[in-house]
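Heads up, final_10.cif below (mmCIF, C-alpha atoms):
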data_my_file
#
loop_
_atom_site.group_PDB
_atom_site.id
_atom_site.type_symbol
_atom_site.label_atom_id
_atom_site.label_comp_id
_atom_site.auth_asym_id
_atom_site.auth_seq_id
_atom_site.Cartn_x
_atom_site.Cartn_y
_atom_site.Cartn_z
ATOM 1 C CA MET A 1 -2.130 -38.827 -58.659
ATOM 2 C CA THR A 2 -4.140 -39.441 -61.783
ATOM 3 C CA ILE A 3 -4.402 -42.530 -63.938
ATOM 4 C CA ASP A 4 -1.892 -42.886 -66.728
ATOM 5 C CA PRO A 5 -3.470 -42.034 -70.134
ATOM 6 C CA SER A 6 -2.407 -45.394 -71.572
ATOM 7 C CA TRP A 7 -5.029 -47.124 -69.412
ATOM 8 C CA TYR A 8 -7.752 -44.993 -70.935
ATOM 9 C CA LEU A 9 -6.412 -45.624 -74.434
ATOM 10 C CA THR A 10 -6.355 -49.374 -73.829
ATOM 11 C CA LEU A 11 -9.926 -49.295 -72.543
ATOM 12 C CA ALA A 12 -10.974 -47.288 -75.611
ATOM 13 C CA ALA A 13 -9.267 -49.847 -77.880
ATOM 14 C CA VAL A 14 -11.112 -52.701 -76.161
ATOM 15 C CA LEU A 15 -14.412 -50.840 -76.444
ATOM 16 C CA PHE A 16 -13.818 -50.136 -80.139
ATOM 17 C CA THR A 17 -13.002 -53.800 -80.756
ATOM 18 C CA ILE A 18 -16.182 -54.977 -79.023
ATOM 19 C CA GLY A 19 -18.169 -52.559 -81.176
ATOM 20 C CA ALA A 20 -16.475 -53.700 -84.381
ATOM 21 C CA VAL A 21 -16.977 -57.402 -83.610
ATOM 22 C CA GLY A 22 -20.608 -56.762 -82.695
ATOM 23 C CA MET A 23 -21.083 -54.965 -85.987
ATOM 24 C CA LEU A 24 -19.785 -58.060 -87.807
ATOM 25 C CA VAL A 25 -21.579 -60.655 -85.700
ATOM 26 C CA ARG A 26 -25.074 -59.304 -85.159
ATOM 27 C CA ARG A 27 -27.837 -59.530 -87.753
ATOM 28 C CA ASN A 28 -30.361 -57.123 -86.222
ATOM 29 C CA ILE A 29 -29.983 -53.682 -87.816
ATOM 30 C CA LEU A 30 -30.820 -51.820 -84.603
ATOM 31 C CA VAL A 31 -28.169 -53.684 -82.625
ATOM 32 C CA MET A 32 -25.655 -53.021 -85.402
ATOM 33 C CA PHE A 33 -26.514 -49.341 -85.001
ATOM 34 C CA MET A 34 -25.844 -49.571 -81.251
ATOM 35 C CA CYS A 35 -22.449 -51.105 -82.013
ATOM 36 C CA ILE A 36 -21.648 -48.031 -84.136
ATOM 37 C CA GLU A 37 -22.444 -45.927 -81.064
ATOM 38 C CA LEU A 38 -20.009 -48.045 -79.051
ATOM 39 C CA MET A 39 -17.247 -47.338 -81.559
ATOM 40 C CA LEU A 40 -18.036 -43.607 -81.571
ATOM 41 C CA ASN A 41 -17.812 -43.557 -77.765
ATOM 42 C CA ALA A 42 -14.454 -45.313 -77.865
ATOM 43 C CA ALA A 43 -13.191 -42.554 -80.184
ATOM 44 C CA ASN A 44 -14.637 -39.913 -77.841
ATOM 45 C CA LEU A 45 -12.820 -41.441 -74.889
ATOM 46 C CA THR A 46 -9.578 -41.285 -76.865
ATOM 47 C CA PHE A 47 -10.187 -37.639 -77.737
ATOM 48 C CA VAL A 48 -10.767 -36.664 -74.108
ATOM 49 C CA THR A 49 -7.721 -38.633 -72.961
ATOM 50 C CA PHE A 50 -5.410 -36.915 -75.435
ATOM 51 C CA SER A 51 -7.019 -33.576 -74.624
ATOM 52 C CA ARG A 52 -6.012 -34.024 -71.007
ATOM 53 C CA SER A 53 -2.573 -35.468 -71.607
ATOM 54 C CA LEU A 54 -1.642 -32.771 -74.165
ATOM 55 C CA ASN A 55 -3.406 -30.011 -72.199
ATOM 56 C CA ASP A 56 -5.256 -28.853 -75.307
ATOM 57 C CA VAL A 57 -8.900 -27.884 -75.554
ATOM 58 C CA GLY A 58 -9.180 -29.084 -79.166
ATOM 59 C CA GLY A 59 -9.853 -32.690 -78.147
ATOM 60 C CA GLN A 60 -12.874 -31.808 -76.053
ATOM 61 C CA ILE A 61 -14.243 -29.562 -78.809
ATOM 62 C CA SER A 62 -13.899 -32.507 -81.211
ATOM 63 C CA VAL A 63 -15.942 -34.673 -78.833
ATOM 64 C CA PHE A 64 -18.636 -31.985 -78.816
ATOM 65 C CA PHE A 65 -18.858 -32.083 -82.615
ATOM 66 C CA VAL A 66 -18.811 -35.898 -82.649
ATOM 67 C CA LEU A 67 -21.786 -35.870 -80.271
ATOM 68 C CA VAL A 68 -23.731 -33.533 -82.567
ATOM 69 C CA VAL A 69 -22.949 -35.564 -85.691
ATOM 70 C CA ALA A 70 -23.797 -38.816 -83.887
ATOM 71 C CA ALA A 71 -27.179 -37.426 -82.859
ATOM 72 C CA ALA A 72 -27.931 -36.368 -86.450
ATOM 73 C CA GLU A 73 -26.734 -39.738 -87.734
ATOM 74 C CA VAL A 74 -29.022 -41.611 -85.339
ATOM 75 C CA VAL A 75 -32.009 -39.517 -86.380
ATOM 76 C CA VAL A 76 -31.506 -40.173 -90.098
ATOM 77 C CA GLY A 77 -30.507 -43.822 -89.597
ATOM 78 C CA LEU A 78 -33.526 -44.675 -87.497
ATOM 79 C CA ALA A 79 -35.792 -42.901 -89.995
ATOM 80 C CA ILE A 80 -34.342 -45.101 -92.751
ATOM 81 C CA ILE A 81 -34.848 -48.217 -90.591
ATOM 82 C CA VAL A 82 -38.473 -47.236 -89.937
ATOM 83 C CA ALA A 83 -38.998 -46.723 -93.676
ATOM 84 C CA ILE A 84 -37.522 -50.182 -94.384
ATOM 85 C CA TYR A 85 -39.636 -51.892 -91.736
ATOM 86 C CA ARG A 86 -42.752 -50.183 -93.021
ATOM 87 C CA ARG A 87 -42.248 -52.005 -96.323
ATOM 88 C CA ARG A 88 -42.145 -55.284 -94.376
ATOM 89 C CA ILE A 89 -38.897 -56.376 -95.953
ATOM 90 C CA GLY A 90 -37.653 -57.985 -92.796
ATOM 91 C CA ALA A 91 -35.945 -57.637 -89.468
ATOM 92 C CA THR A 92 -32.338 -58.485 -90.185
ATOM 93 C CA ALA A 93 -29.521 -57.287 -92.395
ATOM 94 C CA ASP A 94 -29.740 -60.498 -94.436
ATOM 95 C CA ASP A 95 -33.208 -59.482 -95.573
ATOM 96 C CA GLN A 96 -31.932 -56.275 -97.167
ATOM 97 C CA HIS A 97 -30.520 -58.023 -100.223
ATOM 98 C CA LEU A 98 -32.737 -55.908 -102.461
ATOM 99 C CA LEU A 99 -30.256 -53.078 -101.936
ATOM 100 C CA LYS A 100 -27.625 -54.827 -104.031
ATOM 101 C CA GLY A 101 -27.151 -53.448 -107.517
ATOM 102 C CA MET B 1 4.534 -47.880 -56.225
ATOM 103 C CA SER B 2 3.246 -51.069 -54.756
ATOM 104 C CA LEU B 3 0.064 -52.641 -55.980
ATOM 105 C CA LEU B 4 -1.606 -52.097 -52.614
ATOM 106 C CA ALA B 5 -0.865 -48.359 -52.648
ATOM 107 C CA ALA B 6 -2.141 -48.091 -56.217
ATOM 108 C CA ALA B 7 -5.323 -49.905 -55.281
ATOM 109 C CA ALA B 8 -5.950 -47.531 -52.407
ATOM 110 C CA LEU B 9 -6.053 -44.448 -54.644
ATOM 111 C CA PRO B 10 -9.562 -43.136 -55.227
ATOM 112 C CA ASP B 11 -8.818 -42.441 -58.913
ATOM 113 C CA SER B 12 -7.735 -46.017 -59.505
ATOM 114 C CA ILE B 13 -10.831 -47.377 -57.813
ATOM 115 C CA THR B 14 -13.096 -45.101 -59.870
ATOM 116 C CA PHE B 15 -11.320 -46.045 -63.068
ATOM 117 C CA VAL B 16 -11.516 -49.777 -62.427
ATOM 118 C CA ILE B 17 -15.208 -49.678 -61.525
ATOM 119 C CA ALA B 18 -16.056 -47.504 -64.535
ATOM 120 C CA ALA B 19 -13.969 -49.687 -66.847
ATOM 121 C CA VAL B 20 -15.748 -52.825 -65.643
ATOM 122 C CA ILE B 21 -19.109 -51.122 -66.191
ATOM 123 C CA VAL B 22 -18.107 -49.966 -69.690
ATOM 124 C CA VAL B 23 -16.741 -53.306 -70.867
ATOM 125 C CA SER B 24 -19.538 -55.416 -69.385
ATOM 126 C CA GLY B 25 -22.134 -53.048 -70.873
ATOM 127 C CA ALA B 26 -20.493 -53.238 -74.288
ATOM 128 C CA LEU B 27 -20.390 -57.034 -74.122
ATOM 129 C CA GLY B 28 -24.046 -56.954 -73.125
ATOM 130 C CA VAL B 29 -24.923 -54.877 -76.191
ATOM 131 C CA VAL B 30 -23.322 -57.483 -78.434
ATOM 132 C CA LEU B 31 -24.456 -60.636 -76.639
ATOM 133 C CA MET B 32 -28.027 -59.857 -75.504
ATOM 134 C CA LYS B 33 -30.667 -61.616 -77.581
ATOM 135 C CA ASN B 34 -33.387 -59.022 -77.088
ATOM 136 C CA PRO B 35 -32.741 -55.582 -78.696
ATOM 137 C CA VAL B 36 -34.392 -53.842 -75.708
ATOM 138 C CA HIS B 37 -31.847 -55.401 -73.373
ATOM 139 C CA SER B 38 -29.077 -54.333 -75.755
ATOM 140 C CA ALA B 39 -30.319 -50.733 -75.583
ATOM 141 C CA LEU B 40 -30.372 -50.816 -71.775
ATOM 142 C CA MET B 41 -26.844 -52.225 -71.750
ATOM 143 C CA LEU B 42 -25.859 -49.358 -74.050
ATOM 144 C CA VAL B 43 -27.144 -46.925 -71.387
ATOM 145 C CA MET B 44 -24.855 -48.623 -68.861
ATOM 146 C CA THR B 45 -21.836 -48.236 -71.140
ATOM 147 C CA LEU B 46 -22.591 -44.583 -71.827
ATOM 148 C CA PHE B 47 -22.889 -43.826 -68.113
ATOM 149 C CA GLY B 48 -19.523 -45.486 -67.531
ATOM 150 C CA ILE B 49 -17.986 -43.335 -70.258
ATOM 151 C CA ALA B 50 -19.502 -40.245 -68.596
ATOM 152 C CA VAL B 51 -17.844 -41.232 -65.315
ATOM 153 C CA LEU B 52 -14.518 -41.527 -67.135
ATOM 154 C CA PHE B 53 -15.091 -38.060 -68.640
ATOM 155 C CA VAL B 54 -15.635 -36.591 -65.156
ATOM 156 C CA GLU B 55 -12.498 -38.309 -63.932
ATOM 157 C CA GLN B 56 -10.544 -36.584 -66.711
ATOM 158 C CA ASP B 57 -11.945 -33.140 -65.833
ATOM 159 C CA ALA B 58 -14.326 -32.988 -68.807
ATOM 160 C CA GLN B 59 -17.410 -32.160 -66.759
ATOM 161 C CA PHE B 60 -19.266 -30.398 -69.567
ATOM 162 C CA LEU B 61 -18.859 -33.345 -71.922
ATOM 163 C CA ALA B 62 -19.970 -35.764 -69.218
ATOM 164 C CA ALA B 63 -23.195 -33.800 -68.757
ATOM 165 C CA VAL B 64 -23.759 -33.606 -72.517
ATOM 166 C CA GLN B 65 -23.022 -37.319 -72.811
ATOM 167 C CA VAL B 66 -25.711 -38.194 -70.276
ATOM 168 C CA ILE B 67 -28.255 -35.745 -71.685
ATOM 169 C CA VAL B 68 -27.747 -36.391 -75.399
ATOM 170 C CA TYR B 69 -26.850 -40.082 -75.470
ATOM 171 C CA THR B 70 -28.810 -41.641 -72.636
ATOM 172 C CA GLY B 71 -31.536 -39.002 -72.673
ATOM 173 C CA ALA B 72 -32.150 -38.721 -76.400
ATOM 174 C CA VAL B 73 -30.342 -41.304 -78.522
ATOM 175 C CA VAL B 74 -31.138 -44.435 -76.507
ATOM 176 C CA VAL B 75 -34.703 -43.290 -75.889
ATOM 177 C CA LEU B 76 -35.012 -42.881 -79.665
ATOM 178 C CA PHE B 77 -33.692 -46.432 -80.094
ATOM 179 C CA LEU B 78 -36.229 -47.746 -77.580
ATOM 180 C CA PHE B 79 -39.020 -45.803 -79.286
ATOM 181 C CA VAL B 80 -38.180 -47.379 -82.631
ATOM 182 C CA ILE B 81 -37.867 -50.877 -81.114
ATOM 183 C CA MET B 82 -41.237 -50.605 -79.397
ATOM 184 C CA LEU B 83 -42.909 -48.870 -82.338
ATOM 185 C CA LEU B 84 -41.850 -51.505 -84.836
ATOM 186 C CA GLY B 85 -42.389 -54.404 -82.456
ATOM 187 C CA VAL B 86 -39.054 -55.942 -83.359
ATOM 188 C CA ASP B 87 -38.170 -56.946 -79.809
ATOM 189 C CA ARG B 88 -38.015 -60.555 -80.871
ATOM 190 C CA ARG B 89 -35.202 -62.738 -79.742
ATOM 191 C CA GLU B 90 -32.454 -63.420 -82.210
ATOM 192 C CA ALA B 91 -30.207 -66.437 -82.305
ATOM 193 C CA VAL B 92 -26.963 -64.582 -81.732
ATOM 194 C CA PHE B 93 -24.688 -67.491 -82.478
ATOM 195 C CA ALA B 94 -26.507 -69.016 -85.428
ATOM 196 C CA ASP B 95 -24.157 -68.852 -88.371
ATOM 197 C CA THR B 96 -25.680 -67.391 -91.494
ATOM 198 C CA PHE B 97 -22.513 -67.900 -93.444
ATOM 199 C CA HIS B 98 -20.276 -70.800 -92.541
ATOM 200 C CA GLY B 99 -17.554 -69.706 -90.136
ATOM 201 C CA GLN B 100 -18.558 -66.063 -90.187
ATOM 202 C CA ARG B 101 -18.515 -65.669 -86.373
ATOM 203 C CA LEU B 102 -15.081 -67.211 -86.163
ATOM 204 C CA PHE B 103 -13.790 -64.892 -88.844
ATOM 205 C CA ALA B 104 -15.384 -61.902 -87.065
ATOM 206 C CA GLY B 105 -13.556 -62.823 -83.878
ATOM 207 C CA PHE B 106 -10.288 -63.103 -85.780
ATOM 208 C CA VAL B 107 -10.828 -59.689 -87.396
ATOM 209 C CA GLY B 108 -11.659 -58.259 -83.961
ATOM 210 C CA LEU B 109 -8.403 -59.537 -82.517
ATOM 211 C CA CYS B 110 -6.542 -57.998 -85.471
ATOM 212 C CA VAL B 111 -8.282 -54.656 -84.875
ATOM 213 C CA LEU B 112 -7.429 -54.727 -81.170
ATOM 214 C CA ALA B 113 -3.801 -55.576 -81.813
ATOM 215 C CA GLU B 114 -3.544 -52.892 -84.475
ATOM 216 C CA VAL B 115 -5.109 -50.141 -82.367
ATOM 217 C CA ILE B 116 -2.954 -50.958 -79.337
ATOM 218 C CA PHE B 117 0.144 -51.125 -81.542
ATOM 219 C CA LEU B 118 -0.633 -47.742 -83.078
ATOM 220 C CA GLY B 119 -1.431 -46.242 -79.685
ATOM 221 C CA SER B 120 1.714 -47.524 -78.032
ATOM 222 C CA ARG B 121 4.075 -45.431 -80.121
ATOM 223 C CA THR B 122 4.215 -41.814 -81.168
ATOM 224 C CA TRP B 123 3.637 -41.340 -84.857
ATOM 225 C CA THR B 124 2.824 -37.660 -84.635
ATOM 226 C CA THR B 125 5.385 -35.189 -85.870
ATOM 227 C CA GLY B 126 5.621 -31.420 -85.962
ATOM 228 C CA ALA B 127 4.414 -28.832 -83.484
ATOM 229 C CA PRO B 128 1.334 -29.460 -81.362
ATOM 230 C CA THR B 129 -1.785 -27.443 -82.127
ATOM 231 C CA VAL B 130 -2.285 -24.094 -80.464
ATOM 232 C CA GLN B 131 -5.985 -24.273 -79.651
ATOM 233 C CA GLY B 132 -5.408 -23.094 -76.129
ATOM 234 C CA SER B 133 -4.616 -24.543 -72.765
ATOM 235 C CA LEU B 134 -7.165 -26.667 -71.007
ATOM 236 C CA THR B 135 -6.250 -25.764 -67.453
ATOM 237 C CA ASN B 136 -5.178 -22.117 -67.312
ATOM 238 C CA GLN B 137 -8.427 -20.367 -68.237
ATOM 239 C CA GLY B 138 -10.792 -21.233 -65.409
ATOM 240 C CA ALA B 139 -13.497 -23.846 -65.328
ATOM 241 C CA ASN B 140 -13.949 -26.488 -68.000
ATOM 242 C CA ILE B 141 -17.145 -24.989 -69.358
ATOM 243 C CA ASN B 142 -15.530 -21.536 -69.660
ATOM 244 C CA VAL B 143 -12.670 -22.955 -71.690
ATOM 245 C CA ILE B 144 -14.973 -24.880 -74.026
ATOM 246 C CA GLY B 145 -17.349 -21.931 -74.422
ATOM 247 C CA ASN B 146 -14.541 -19.527 -75.234
ATOM 248 C CA SER B 147 -13.029 -21.854 -77.796
ATOM 249 C CA LEU B 148 -16.352 -22.837 -79.335
ATOM 250 C CA PHE B 149 -17.502 -19.278 -79.952
ATOM 251 C CA THR B 150 -14.197 -17.897 -81.194
ATOM 252 C CA THR B 151 -11.917 -20.429 -82.898
ATOM 253 C CA TYR B 152 -14.621 -22.953 -83.779
ATOM 254 C CA LEU B 153 -17.471 -20.590 -84.604
ATOM 255 C CA LEU B 154 -17.788 -21.672 -88.241
ATOM 256 C CA PRO B 155 -17.904 -25.444 -87.497
ATOM 257 C CA PHE B 156 -20.412 -24.694 -84.742
ATOM 258 C CA GLU B 157 -22.704 -22.953 -87.224
ATOM 259 C CA VAL B 158 -22.243 -25.756 -89.751
ATOM 260 C CA THR B 159 -23.389 -28.299 -87.151
ATOM 261 C CA SER B 160 -26.569 -26.277 -86.636
ATOM 262 C CA ALA B 161 -27.205 -26.524 -90.389
ATOM 263 C CA LEU B 162 -26.503 -30.260 -90.157
ATOM 264 C CA LEU B 163 -29.097 -30.678 -87.418
ATOM 265 C CA VAL B 164 -31.709 -28.859 -89.508
ATOM 266 C CA VAL B 165 -30.916 -31.109 -92.486
ATOM 267 C CA ALA B 166 -31.220 -34.198 -90.260
ATOM 268 C CA VAL B 167 -34.611 -33.106 -88.925
ATOM 269 C CA VAL B 168 -35.936 -32.421 -92.434
ATOM 270 C CA ALA B 169 -34.590 -35.776 -93.639
ATOM 271 C CA ALA B 170 -36.254 -37.620 -90.752
ATOM 272 C CA VAL B 171 -39.588 -35.961 -91.507
ATOM 273 C CA VAL B 172 -39.350 -36.757 -95.221
ATOM 274 C CA LEU B 173 -38.332 -40.375 -94.604
ATOM 275 C CA GLY B 174 -40.958 -40.882 -91.935
ATOM 276 C CA ARG B 175 -43.883 -39.623 -94.025
ATOM 277 C CA ARG B 176 -46.367 -42.042 -95.490
ATOM 278 C CA HIS B 177 -46.661 -41.935 -99.258
ATOM 279 C CA ARG B 178 -49.657 -40.116 -100.668
ATOM 280 C CA ASP B 179 -51.477 -41.203 -103.768
ATOM 281 C CA PRO B 180 -50.990 -38.363 -106.275
ATOM 282 C CA ALA B 181 -54.499 -38.839 -107.737
ATOM 283 C CA ASP B 182 -56.710 -38.247 -104.727
ATOM 284 C CA GLY B 183 -54.189 -37.217 -102.096
ATOM 285 C CA ALA B 184 -55.339 -39.937 -99.737
ATOM 286 C CA ILE B 185 -52.798 -41.555 -97.485
ATOM 287 C CA ASN B 186 -51.948 -44.910 -98.953
ATOM 288 C CA GLU B 187 -52.054 -47.286 -95.998
ATOM 289 C CA HIS B 188 -51.869 -50.487 -98.016
ATOM 290 C CA GLU B 189 -48.794 -49.924 -100.102
ATOM 291 C CA GLU B 190 -47.137 -53.017 -98.672
ATOM 292 C CA VAL B 191 -50.010 -55.199 -99.831
ATOM 293 C CA GLN B 192 -50.003 -53.742 -103.315
ATOM 294 C CA ARG B 193 -46.339 -54.417 -103.942
#
I need this file expressed as structure tokens, please.
Amino acid sequence: MTIDPSWYLTLAAVLFTIGAVGMLVRRNILVMFMCIELMLNAANLTFVTFSRSLNDVGGQISVFFVLVVAAAEVVVGLAIIVAIYRRRIGATADDQHLLKG
Amino acid sequence: MSLLAAAALPDSITFVIAAVIVVSGALGVVLMKNPVHSALMLVMTLFGIAVLFVEQDAQFLAAVQVIVYTGAVVVLFLFVIMLLGVDRREAVFADTFHGQRLFAGFVGLCVLAEVIFLGSRTWTTGAPTVQGSLTNQGANINVIGNSLFTTYLLPFEVTSALLVVAVVAAVVLGRRHRDPADGAINEHEEVQR
């Protein structure tokens, strides 16, 4: 007897919501980045759940590609953060107001 | 099925424990004042997700999750936190804009309601995809390998190109600027601005 997929989907929805709220609430850029990872993992959990419930390998392949893209995204994002910090602009998202047009 | 019988199932117990770990870790990421603690809480969440992957017979993805996320991504986060020395505490609940936290909570509730509403009904139409069965071709890693190197060969190659681009971008962004006149590394560019 396995768990019903709806439980996994509900958990993924809760995880996505926590990530989204954290993205809105936190000011530290690195923590905002971690919240993006939370949302990506919620999507991955949904993919794997549907892959099992529909008996289709496509969902798990999608998770594989999401993992690769997330790794690349983290590399570039952290490089940008390091470049910003090196200019001593500041530690929080509020300090990045120079980016506005 | 009675609640007692459901609670006695090993799958249920695993799911509940993993779900508690995932949710508490995610809350820790958002609520911890120190970014280092947030990163460690992120590790906890990712391990919980890996347990849920194993429970759904996605053993390969669980291994990749632990290796790539907790082994590479979070370590990269910790490297950057330590390197920049930004592990200062932050007042999590200090409002920058008036009522912003309240509004964020409201938006979060809307997102949760919307996702659960969308997930609770079947919007999909048409025939399901024909990417192959998950259970009839042997072990999980065989199925994924077969599919990845036949049906999804082109996307697989494109991701390798993406990784190369990401590495080059990281190197370019991480370089210090050189003065074009003498080629010396300009260490004091912040002061000169």
Open item on the list: Which residues, named as in the file, does the PyMOL selection byres ((chain A) within 6 of (chain B)) pick out? Answer as a PyMOL selection string.
Closed with: chain A and resi 17+21-22+24-25+55-58+72+76+79+87
Open item on the list: Taking only C-alpha atoms into account, name the residue in A:Leu15, A:Ala20, A:Met39, A:Asn44 that is nearest to Val63 in chain A.
Closed with: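 Of A:Leu15, A:Ala20, A:Met39, A:Asn44, the one nearest Val63 in chain A is A:Asn44, counting only C-alpha atoms.
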Open item on the list: Set the distance at 7 Å and use all atoms listed in the file: which residues neighbour range 5-10 of chain A once local chain neighbours fewer than 4 positions away are removed? I'd like the list as a ChimeraX atom specification.
Closed with: /A:14,46,49,53 /B:116
Task: CA of Val66 in chain B to CA of Phe149 in chain B, distance in Å rounded to a single decimal - done: 22.8 Å
TODO: Could you tell me which of A:Ala12, A:Leu54, A:Leu78, A:Ala83 comes closest to Leu38 in chain A if we count all atoms listed in the file?
DONE: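 Using all atoms listed in the file, Leu38 in chain A sits closest to A:Ala12.
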Task: Top pick for closest residue to Val74 in chain A, considering B:Ile141, B:Met82, B:Ala161, B:Val75 and counting all atoms listed in the file - done: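 Nearest to Val74 in chain A: B:Val75.
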- [ ] Work out how far apart CA of Cys35 in chain A and CA of Phe16 in chain A are and give it in Å to one decimal.
- [x] 8.9 Å
TODO: Kindly give the distance, in Å, that separates CA of Leu118 in chain B and CA of Gly99 in chain B, rounded to a single decimal.
DONE: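 The value is 28.6 Å.
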TODO: Using only C-alpha atoms, pick whichever of B:Ile13, B:Val43, B:Ala62, B:Gly71 has the shortest atom-to-atom distance to Phe64 in chain A.
DONE: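 Of the candidates, the smallest distance to Phe64 in chain A is held by B:Ala62.
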